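Report on one structure; see the data block that follows.
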Amino acid sequence: MDEFTLIQRFFASGGVTRDDVVLGVGDDGAVLRCPPHQELVMTSDILLAGHHFPEATPACDIGYKSLAANLSDLAAMGAEPAWASLQLVLPEADETWLSDFIRGFYELAKVYNLQLVGGDTVRGPLTVGVQLCGWVPTGKALTRGGAKPGDSIYVTGSVGDAALGLGVLQGAIALAQDRHPQLIHRLNRPDPRVQEGMVLRDRASAAIDLSDGLIADLGHILSSSHVGASIELDRIPVSDIYRAYLQGGGDWAFALSHGDDYELCFTLPPEYANTVQEEFARLSCPLHQIGAIESEAGLRVYQTNGSLFETGRRGFNHFS
């Protein structure tokens with residue numbers, strides 16, 4: 001199967017069709033109609049086999065996660081998803097693998113009315129690159145740079161399960177077998193908080209998605225906003241499985257310093273707290289206040305007894 005047959009068979013049809021796509025897959029470029037009074041938000045991620053996902057990961061899950069990681073970036077900026085381009089580096093044109101991959105990709109794309117409008121395919125080590133475009137009303141994009149002293153710090157969902165799942169797959173963590181499916185699902189099928197991100201427009205002062213670990217990603221907000229923060233260890237949201245792991249002698253490293261959670265971390269002025277909590281409850285999204293922004297630089301993590309917690313590793317870094 002040659003490149004052009006591959007594109008026509010797997011990527012030219014079968015997904016979402018939007019009215020603002022004048023010309024999509026199959027030409028030298030896409031032609032897209034921009035809505036009035038909106039600004040374009042663009043993001044991209046690259047996932048490399050054996051580095052961003054285990055090589056044995058099912059193709060359907062790779063397709064899903066490659067899109068979810070980018071949707072999470074749009075969510076952190078309060079953007080509504082619109083268009084995607086897909087770049088695939090493939091060791092071979094395996095029709096079964098491609099069929100499963102694009103099924104996982106389209107499964108999530110349909111949830112957010114996201115159309116695939118172009119991309120590229122080449123031969124080489126398995127690598128998936130996705131670029132997304134989304135929209136925010138003019139001047140309403142969330143950034144990392146607006147947090148102010150007195151703002152509260154919130155985290156959606158729970159953190160740490162994806163990293164535990166990876167540890168289980170790598171044989172580095174011994175947990176009961178019946179706990180494996182939930183952890184591996186959190187690793188392979190993260191839930192991007194797109195609707196929640198749009199709720200935060202006009203309310204949150206800063207936001208980021210948790211892809212590299214809570215400590216590292218919150219640190220990006222603090223650096224961009226030129227502020228500091230204190231958070232409380234016992235307020236950091238973890239699942240029942242992670243809590244059992246802690247009680248069995250595990251530590252906080254996976255929840256604090258490892259990636260792949262794809263939850264939102266954001267800062268919120270006090271006057272918006274009740275409104276945001278009500279909106280998140282309507283969306284059935286768990287929300288947890290974990291600390292506060294302060295004028296003193298640096299991030300301080302406090303234990304229940306009031307002592308400082310040594311966080312150790314700060315988070316994932318591609319070149320560390």
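In the structure tokens, chains take the letters A, B, ... in the order shown, each chain's residues start at 1, and ligands count up from 1 in the order shown.
Counting only C-alpha atoms, Ala109 (chain A) has the following residues at most 10 Å away, ignoring those fewer than 6 positions along the same chain: Gly15, Val16, Tyr64, Leu67, Ala68, Leu71, Pro81, Ala82, Trp83, Ala84, Arg103, Gln115 and Leu116 of chain A.
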Legend entry - Ser225 (chain A) surroundings by only C-alpha atoms, 10 Å radius, close-in-sequence under 3 positions cut, as a list in words: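 Here the answer would be Thr143, Arg144, Gly145, Gly146, Ala147, Lys148, Pro149, Ser205, Ala206, Gly219, His220, Ile221, Leu222, Gly228 and Ile293 of chain A.
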Legend entry - Shell of 9 Å around Ser66 (chain A), only C-alpha atoms, local chain residues under 6 positions omitted, as an MDAnalysis selection string: chainID A and resid 45:47 105 128:130
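Distances from A:Ile184, A:Ser158, A:Val122, A:Arg201 to Arg243 (chain A) were compared using only C-alpha atoms, and the smallest one belongs to A:Ser158.
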List every residue of region 39-259 of chain A that DSSP, applied to the backbone of this structure, assigns to strand (DSSP E), and report them as an mmCIF file with N, CA and C atoms, in the first residue's frame.
data_model
loop_
_atom_site.group_PDB
_atom_site.id
_atom_site.type_symbol
_atom_site.label_atom_id
_atom_site.label_comp_id
_atom_site.auth_asym_id
_atom_site.auth_seq_id
_atom_site.Cartn_x
_atom_site.Cartn_y
_atom_site.Cartn_z
ATOM 1 N N GLU A 39 -10.194 34.281 18.169
ATOM 2 C CA GLU A 39 -8.750 34.157 17.962
ATOM 3 C C GLU A 39 -8.373 32.685 17.884
ATOM 4 N N LEU A 40 -7.368 32.403 17.054
ATOM 5 C CA LEU A 40 -6.923 31.025 16.832
ATOM 6 C C LEU A 40 -5.928 30.615 17.907
ATOM 7 N N VAL A 41 -6.150 29.452 18.494
ATOM 8 C CA VAL A 41 -5.210 28.843 19.430
ATOM 9 C C VAL A 41 -4.663 27.585 18.768
ATOM 10 N N MET A 42 -3.330 27.482 18.661
ATOM 11 C CA MET A 42 -2.690 26.322 18.034
ATOM 12 C C MET A 42 -1.800 25.620 19.051
ATOM 13 N N THR A 43 -1.776 24.303 18.994
ATOM 14 C CA THR A 43 -0.909 23.523 19.860
ATOM 15 C C THR A 43 -0.469 22.267 19.112
ATOM 16 N N SER A 44 0.628 21.665 19.532
ATOM 17 C CA SER A 44 1.087 20.425 18.904
ATOM 18 C C SER A 44 1.872 19.596 19.912
ATOM 19 N N ASP A 45 1.842 18.297 19.709
ATOM 20 C CA ASP A 45 2.592 17.346 20.539
ATOM 21 C C ASP A 45 3.125 16.233 19.652
ATOM 22 N N ILE A 46 4.248 15.677 20.065
ATOM 23 C CA ILE A 46 4.831 14.523 19.395
ATOM 24 C C ILE A 46 4.925 13.389 20.409
ATOM 25 N N LEU A 47 4.455 12.210 20.030
ATOM 26 C CA LEU A 47 4.560 11.023 20.874
ATOM 27 C C LEU A 47 5.450 10.011 20.169
ATOM 28 N N LEU A 48 6.513 9.589 20.846
ATOM 29 C CA LEU A 48 7.496 8.665 20.289
ATOM 30 C C LEU A 48 7.380 7.316 20.981
ATOM 31 N N GLU A 80 -12.062 26.184 22.264
ATOM 32 C CA GLU A 80 -12.978 25.203 21.691
ATOM 33 C C GLU A 80 -12.309 24.534 20.497
ATOM 34 N N PRO A 81 -12.151 23.212 20.490
ATOM 35 C CA PRO A 81 -11.453 22.526 19.398
ATOM 36 C C PRO A 81 -12.172 22.664 18.063
ATOM 37 N N ALA A 82 -11.382 22.714 16.980
ATOM 38 C CA ALA A 82 -11.976 22.822 15.647
ATOM 39 C C ALA A 82 -11.317 21.862 14.653
ATOM 40 N N TRP A 83 -10.008 21.987 14.439
ATOM 41 C CA TRP A 83 -9.330 21.272 13.361
ATOM 42 C C TRP A 83 -8.078 20.574 13.874
ATOM 43 N N ALA A 84 -7.699 19.494 13.184
ATOM 44 C CA ALA A 84 -6.495 18.738 13.528
ATOM 45 C C ALA A 84 -5.714 18.387 12.281
ATOM 46 N N SER A 85 -4.393 18.339 12.426
ATOM 47 C CA SER A 85 -3.557 17.709 11.410
ATOM 48 C C SER A 85 -2.744 16.611 12.096
ATOM 49 N N LEU A 86 -2.416 15.579 11.329
ATOM 50 C CA LEU A 86 -1.798 14.379 11.885
ATOM 51 C C LEU A 86 -0.552 14.031 11.086
ATOM 52 N N GLN A 87 0.566 13.872 11.780
ATOM 53 C CA GLN A 87 1.820 13.467 11.159
ATOM 54 C C GLN A 87 2.214 12.106 11.719
ATOM 55 N N LEU A 88 2.331 11.115 10.844
ATOM 56 C CA LEU A 88 2.651 9.758 11.261
ATOM 57 C C LEU A 88 3.964 9.298 10.647
ATOM 58 N N VAL A 89 4.856 8.819 11.509
ATOM 59 C CA VAL A 89 6.045 8.114 11.050
ATOM 60 C C VAL A 89 5.808 6.640 11.356
ATOM 61 N N LEU A 90 5.786 5.804 10.322
ATOM 62 C CA LEU A 90 5.394 4.404 10.457
ATOM 63 C C LEU A 90 6.515 3.473 10.016
ATOM 64 N N GLN A 115 -12.407 18.086 13.277
ATOM 65 C CA GLN A 115 -12.174 17.486 11.965
ATOM 66 C C GLN A 115 -10.691 17.380 11.647
ATOM 67 N N LEU A 116 -10.284 16.223 11.139
ATOM 68 C CA LEU A 116 -8.940 16.023 10.620
ATOM 69 C C LEU A 116 -8.863 16.652 9.232
ATOM 70 N N VAL A 117 -7.954 17.625 9.052
ATOM 71 C CA VAL A 117 -7.932 18.387 7.801
ATOM 72 C C VAL A 117 -6.631 18.231 7.015
ATOM 73 N N GLY A 118 -5.663 17.462 7.524
ATOM 74 C CA GLY A 118 -4.425 17.288 6.777
ATOM 75 C C GLY A 118 -3.363 16.606 7.604
ATOM 76 N N GLY A 119 -2.149 16.528 7.048
ATOM 77 C CA GLY A 119 -1.026 15.902 7.742
ATOM 78 C C GLY A 119 -0.032 15.319 6.774
ATOM 79 N N ASP A 120 0.720 14.311 7.252
ATOM 80 C CA ASP A 120 1.756 13.697 6.422
ATOM 81 C C ASP A 120 2.058 12.315 6.976
ATOM 82 N N THR A 121 2.556 11.438 6.108
ATOM 83 C CA THR A 121 3.003 10.108 6.535
ATOM 84 C C THR A 121 4.341 9.814 5.886
ATOM 85 N N VAL A 122 5.276 9.267 6.692
ATOM 86 C CA VAL A 122 6.590 8.866 6.193
ATOM 87 C C VAL A 122 6.986 7.564 6.884
ATOM 88 N N ARG A 123 8.019 6.918 6.350
ATOM 89 C CA ARG A 123 8.508 5.671 6.944
ATOM 90 C C ARG A 123 9.620 5.962 7.944
ATOM 91 N N THR A 127 6.249 7.207 15.338
ATOM 92 C CA THR A 127 6.121 8.520 15.959
ATOM 93 C C THR A 127 4.802 9.129 15.507
ATOM 94 N N VAL A 128 4.092 9.754 16.457
ATOM 95 C CA VAL A 128 2.806 10.377 16.161
ATOM 96 C C VAL A 128 2.890 11.858 16.516
ATOM 97 N N GLY A 129 2.632 12.715 15.538
ATOM 98 C CA GLY A 129 2.579 14.148 15.778
ATOM 99 C C GLY A 129 1.188 14.670 15.459
ATOM 100 N N VAL A 130 0.640 15.447 16.366
ATOM 101 C CA VAL A 130 -0.693 16.018 16.167
ATOM 102 C C VAL A 130 -0.615 17.524 16.386
ATOM 103 N N GLN A 131 -1.237 18.274 15.501
ATOM 104 C CA GLN A 131 -1.400 19.713 15.690
ATOM 105 C C GLN A 131 -2.892 20.016 15.706
ATOM 106 N N LEU A 132 -3.314 20.782 16.709
ATOM 107 C CA LEU A 132 -4.711 21.168 16.823
ATOM 108 C C LEU A 132 -4.869 22.673 16.725
ATOM 109 N N CYS A 133 -6.016 23.081 16.203
ATOM 110 C CA CYS A 133 -6.426 24.480 16.202
ATOM 111 C C CYS A 133 -7.784 24.584 16.880
ATOM 112 N N GLY A 134 -7.918 25.603 17.708
ATOM 113 C CA GLY A 134 -9.187 25.856 18.373
ATOM 114 C C GLY A 134 -9.442 27.346 18.458
ATOM 115 N N TRP A 135 -10.596 27.705 19.032
ATOM 116 C CA TRP A 135 -11.021 29.094 19.042
ATOM 117 C C TRP A 135 -11.306 29.580 20.452
ATOM 118 N N VAL A 136 -10.970 30.848 20.687
ATOM 119 C CA VAL A 136 -11.434 31.553 21.884
ATOM 120 C C VAL A 136 -11.957 32.919 21.442
ATOM 121 N N PRO A 137 -12.959 33.454 22.146
ATOM 122 C CA PRO A 137 -13.375 34.826 21.843
ATOM 123 C C PRO A 137 -12.185 35.779 21.989
ATOM 124 N N SER A 152 -6.691 31.300 44.761
ATOM 125 C CA SER A 152 -6.628 29.901 45.186
ATOM 126 C C SER A 152 -6.151 29.026 44.036
ATOM 127 N N ILE A 153 -5.520 27.911 44.383
ATOM 128 C CA ILE A 153 -5.011 26.955 43.391
ATOM 129 C C ILE A 153 -5.914 25.725 43.404
ATOM 130 N N TYR A 154 -6.356 25.332 42.213
ATOM 131 C CA TYR A 154 -7.259 24.188 42.077
ATOM 132 C C TYR A 154 -6.670 23.153 41.130
ATOM 133 N N VAL A 155 -7.090 21.903 41.339
ATOM 134 C CA VAL A 155 -6.748 20.791 40.445
ATOM 135 C C VAL A 155 -8.015 20.000 40.178
ATOM 136 N N THR A 156 -8.246 19.615 38.925
ATOM 137 C CA THR A 156 -9.380 18.770 38.581
ATOM 138 C C THR A 156 -9.028 17.301 38.783
ATOM 139 N N ALA A 206 -5.031 32.079 35.746
ATOM 140 C CA ALA A 206 -3.972 31.352 35.037
ATOM 141 C C ALA A 206 -4.357 29.878 34.997
ATOM 142 N N ALA A 207 -3.830 29.151 34.021
ATOM 143 C CA ALA A 207 -4.155 27.729 33.911
ATOM 144 C C ALA A 207 -3.061 27.004 33.141
ATOM 145 N N ILE A 208 -2.973 25.694 33.390
ATOM 146 C CA ILE A 208 -2.040 24.818 32.683
ATOM 147 C C ILE A 208 -2.594 23.403 32.766
ATOM 148 N N ASP A 209 -2.243 22.551 31.805
ATOM 149 C CA ASP A 209 -2.622 21.152 31.942
ATOM 150 C C ASP A 209 -1.455 20.376 32.536
ATOM 151 N N GLY A 228 4.762 33.168 43.981
ATOM 152 C CA GLY A 228 5.047 31.909 44.638
ATOM 153 C C GLY A 228 3.753 31.263 45.092
ATOM 154 N N ALA A 229 3.860 30.150 45.824
ATOM 155 C CA ALA A 229 2.647 29.452 46.255
ATOM 156 C C ALA A 229 2.961 28.519 47.411
ATOM 157 N N SER A 230 1.912 28.219 48.173
ATOM 158 C CA SER A 230 1.936 27.147 49.164
ATOM 159 C C SER A 230 0.796 26.192 48.852
ATOM 160 N N ILE A 231 1.077 24.898 48.912
ATOM 161 C CA ILE A 231 0.029 23.896 48.758
ATOM 162 C C ILE A 231 0.116 22.922 49.924
ATOM 163 N N GLU A 232 -0.991 22.231 50.185
ATOM 164 C CA GLU A 232 -1.071 21.288 51.295
ATOM 165 C C GLU A 232 -1.095 19.866 50.752
#
Inset, instruction - List every residue of region 96-303 of chain A that DSSP, applied to the backbone, labels as helix (DSSP H, G or I), and write the result as a PyMOL selection string. - result: chain A and resi 96-111+161-169+177-188+194-200+214-225+233-235+240-247+253-257+270-282
How would the residues just picked look written out with C-alpha atoms as a PDB file, in the first residue's frame?
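The resulting file, again.pdb, is reproduced below:
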ATOM      1  CA  THR A  96      -4.690  -3.561  10.967  1.00  0.00           C
ATOM      2  CA  TRP A  97      -2.620  -1.163  13.090  1.00  0.00           C
ATOM      3  CA  LEU A  98      -3.747   1.849  11.062  1.00  0.00           C
ATOM      4  CA  SER A  99      -7.401   0.849  11.250  1.00  0.00           C
ATOM      5  CA  ASP A 100      -7.190   0.539  15.046  1.00  0.00           C
ATOM      6  CA  PHE A 101      -5.190   3.753  15.409  1.00  0.00           C
ATOM      7  CA  ILE A 102      -7.594   5.922  13.443  1.00  0.00           C
ATOM      8  CA  ARG A 103     -10.573   4.339  15.215  1.00  0.00           C
ATOM      9  CA  GLY A 104      -9.184   5.535  18.558  1.00  0.00           C
ATOM     10  CA  PHE A 105      -8.369   8.956  17.102  1.00  0.00           C
ATOM     11  CA  TYR A 106     -11.831   9.438  15.590  1.00  0.00           C
ATOM     12  CA  GLU A 107     -13.532   8.132  18.725  1.00  0.00           C
ATOM     13  CA  LEU A 108     -12.322  11.189  20.642  1.00  0.00           C
ATOM     14  CA  ALA A 109     -12.489  13.606  17.696  1.00  0.00           C
ATOM     15  CA  LYS A 110     -16.223  12.989  17.357  1.00  0.00           C
ATOM     16  CA  VAL A 111     -16.790  13.864  21.022  1.00  0.00           C
ATOM     17  CA  ASP A 161      -2.778   7.068  38.536  1.00  0.00           C
ATOM     18  CA  ALA A 162      -1.306   7.327  35.021  1.00  0.00           C
ATOM     19  CA  ALA A 163       2.228   7.195  36.410  1.00  0.00           C
ATOM     20  CA  LEU A 164       1.291   4.230  38.599  1.00  0.00           C
ATOM     21  CA  GLY A 165      -0.128   2.548  35.506  1.00  0.00           C
ATOM     22  CA  LEU A 166       3.145   3.036  33.656  1.00  0.00           C
ATOM     23  CA  GLY A 167       5.015   1.651  36.652  1.00  0.00           C
ATOM     24  CA  VAL A 168       2.804  -1.426  36.586  1.00  0.00           C
ATOM     25  CA  LEU A 169       3.429  -1.976  32.855  1.00  0.00           C
ATOM     26  CA  GLN A 177      -3.920  -7.440  39.641  1.00  0.00           C
ATOM     27  CA  ASP A 178      -7.484  -6.144  39.918  1.00  0.00           C
ATOM     28  CA  ARG A 179      -6.134  -2.580  40.189  1.00  0.00           C
ATOM     29  CA  HIS A 180      -4.187  -2.701  36.929  1.00  0.00           C
ATOM     30  CA  PRO A 181      -7.033  -2.013  34.441  1.00  0.00           C
ATOM     31  CA  GLN A 182      -8.076   1.302  36.023  1.00  0.00           C
ATOM     32  CA  LEU A 183      -4.494   2.551  36.212  1.00  0.00           C
ATOM     33  CA  ILE A 184      -3.650   1.542  32.647  1.00  0.00           C
ATOM     34  CA  HIS A 185      -6.890   3.145  31.446  1.00  0.00           C
ATOM     35  CA  ARG A 186      -5.825   6.425  33.093  1.00  0.00           C
ATOM     36  CA  LEU A 187      -2.471   6.154  31.305  1.00  0.00           C
ATOM     37  CA  ASN A 188      -3.841   5.310  27.861  1.00  0.00           C
ATOM     38  CA  VAL A 194     -12.228  20.808  27.372  1.00  0.00           C
ATOM     39  CA  GLN A 195     -15.628  21.934  28.655  1.00  0.00           C
ATOM     40  CA  GLU A 196     -14.110  22.820  32.006  1.00  0.00           C
ATOM     41  CA  GLY A 197     -11.485  24.965  30.306  1.00  0.00           C
ATOM     42  CA  MET A 198     -14.166  26.977  28.523  1.00  0.00           C
ATOM     43  CA  VAL A 199     -15.934  27.520  31.871  1.00  0.00           C
ATOM     44  CA  LEU A 200     -12.732  29.084  33.214  1.00  0.00           C
ATOM     45  CA  LEU A 214       1.970  18.777  39.344  1.00  0.00           C
ATOM     46  CA  ILE A 215       5.114  20.329  40.839  1.00  0.00           C
ATOM     47  CA  ALA A 216       6.697  21.116  37.477  1.00  0.00           C
ATOM     48  CA  ASP A 217       3.539  22.379  35.799  1.00  0.00           C
ATOM     49  CA  LEU A 218       2.398  24.517  38.723  1.00  0.00           C
ATOM     50  CA  GLY A 219       5.948  25.842  38.716  1.00  0.00           C
ATOM     51  CA  HIS A 220       5.401  27.091  35.155  1.00  0.00           C
ATOM     52  CA  ILE A 221       2.432  29.151  36.359  1.00  0.00           C
ATOM     53  CA  LEU A 222       4.494  30.589  39.206  1.00  0.00           C
ATOM     54  CA  SER A 223       7.392  31.460  36.898  1.00  0.00           C
ATOM     55  CA  SER A 224       5.206  33.042  34.220  1.00  0.00           C
ATOM     56  CA  SER A 225       3.181  34.976  36.815  1.00  0.00           C
ATOM     57  CA  LEU A 233      -0.024  17.691  50.726  1.00  0.00           C
ATOM     58  CA  ASP A 234      -3.205  16.175  52.156  1.00  0.00           C
ATOM     59  CA  ARG A 235      -5.349  18.279  49.796  1.00  0.00           C
ATOM     60  CA  ASP A 240      -8.600   5.245  46.269  1.00  0.00           C
ATOM     61  CA  ILE A 241      -6.049   3.033  44.510  1.00  0.00           C
ATOM     62  CA  TYR A 242      -3.320   5.629  44.985  1.00  0.00           C
ATOM     63  CA  ARG A 243      -4.345   6.127  48.622  1.00  0.00           C
ATOM     64  CA  ALA A 244      -3.995   2.373  49.194  1.00  0.00           C
ATOM     65  CA  TYR A 245      -0.589   2.520  47.511  1.00  0.00           C
ATOM     66  CA  LEU A 246       0.471   5.222  50.002  1.00  0.00           C
ATOM     67  CA  GLN A 247      -0.842   3.211  52.937  1.00  0.00           C
ATOM     68  CA  ALA A 253       6.414  10.924  43.790  1.00  0.00           C
ATOM     69  CA  PHE A 254       3.997   9.595  41.157  1.00  0.00           C
ATOM     70  CA  ALA A 255       1.327  12.147  42.122  1.00  0.00           C
ATOM     71  CA  LEU A 256       3.681  15.118  42.413  1.00  0.00           C
ATOM     72  CA  SER A 257       6.449  14.655  39.903  1.00  0.00           C
ATOM     73  CA  PRO A 270     -11.942  34.214  45.488  1.00  0.00           C
ATOM     74  CA  GLU A 271     -14.977  35.972  43.991  1.00  0.00           C
ATOM     75  CA  TYR A 272     -15.321  33.268  41.298  1.00  0.00           C
ATOM     76  CA  ALA A 273     -15.000  30.239  43.592  1.00  0.00           C
ATOM     77  CA  ASN A 274     -18.713  29.483  44.063  1.00  0.00           C
ATOM     78  CA  THR A 275     -19.607  29.988  40.401  1.00  0.00           C
ATOM     79  CA  VAL A 276     -16.813  27.730  39.153  1.00  0.00           C
ATOM     80  CA  GLN A 277     -17.594  25.029  41.712  1.00  0.00           C
ATOM     81  CA  GLU A 278     -21.238  25.026  40.614  1.00  0.00           C
ATOM     82  CA  GLU A 279     -20.302  24.849  36.921  1.00  0.00           C
ATOM     83  CA  PHE A 280     -17.851  21.990  37.491  1.00  0.00           C
ATOM     84  CA  ALA A 281     -20.450  20.090  39.515  1.00  0.00           C
ATOM     85  CA  ARG A 282     -22.824  20.470  36.545  1.00  0.00           C
TER      86      ARG A 282
END
Inset, instruction - Figure out the distance between CA of Arg189 (chain A) and CA of His52 (chain A), please, to one decimal in Å. - result: 13.4 Å
Inset, instruction - Tell me, in Å to one decimal, how far CA of Gly160 (chain A) is from CA of Gly250 (chain A). - result: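 Between CA of Gly160 (chain A) and CA of Gly250 (chain A) the gap works out to 11.7 Å.
Considering the residues A:Pro286, A:Gly124, A:Gly50, A:Gly213 and counting only C-alpha atoms, Ile62 (chain A) has its shortest atom-to-atom contact with A:Gly50.
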Legend entry - Near-Val22 (chain A) list (9 Å; only C-alpha atoms; drop same-chain fewer than 3 positions) as a PyMOL selection string: chain A and resi 18-19+30-33
Could you save those same residues with N, CA and C atoms as a short mmCIF file (atom, residue, chain, number, x, y, z; two decimals), in the first residue's frame?
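Everything below was put into result_19.cif:
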data_model
loop_
_atom_site.label_atom_id
_atom_site.label_comp_id
_atom_site.auth_asym_id
_atom_site.auth_seq_id
_atom_site.Cartn_x
_atom_site.Cartn_y
_atom_site.Cartn_z
N ARG A 18 -16.98 19.41 9.29
CA ARG A 18 -17.40 20.72 9.80
C ARG A 18 -17.70 21.68 8.66
N ASP A 19 -18.64 22.60 8.89
CA ASP A 19 -19.00 23.59 7.88
C ASP A 19 -17.89 24.60 7.60
N ALA A 30 -4.92 22.57 3.65
CA ALA A 30 -6.34 22.73 3.97
C ALA A 30 -6.75 24.18 3.78
N VAL A 31 -8.02 24.38 3.45
CA VAL A 31 -8.61 25.72 3.37
C VAL A 31 -9.69 25.78 4.44
N LEU A 32 -9.52 26.71 5.38
CA LEU A 32 -10.35 26.75 6.57
C LEU A 32 -10.97 28.12 6.74
N ARG A 33 -12.21 28.18 7.14
CA ARG A 33 -12.93 29.45 7.29
C ARG A 33 -12.89 29.88 8.76
#
Legend entry - Between CA of Leu264 (chain A) and CA of Arg193 (chain A) - distance in Å to one decimal: 6.9 Å
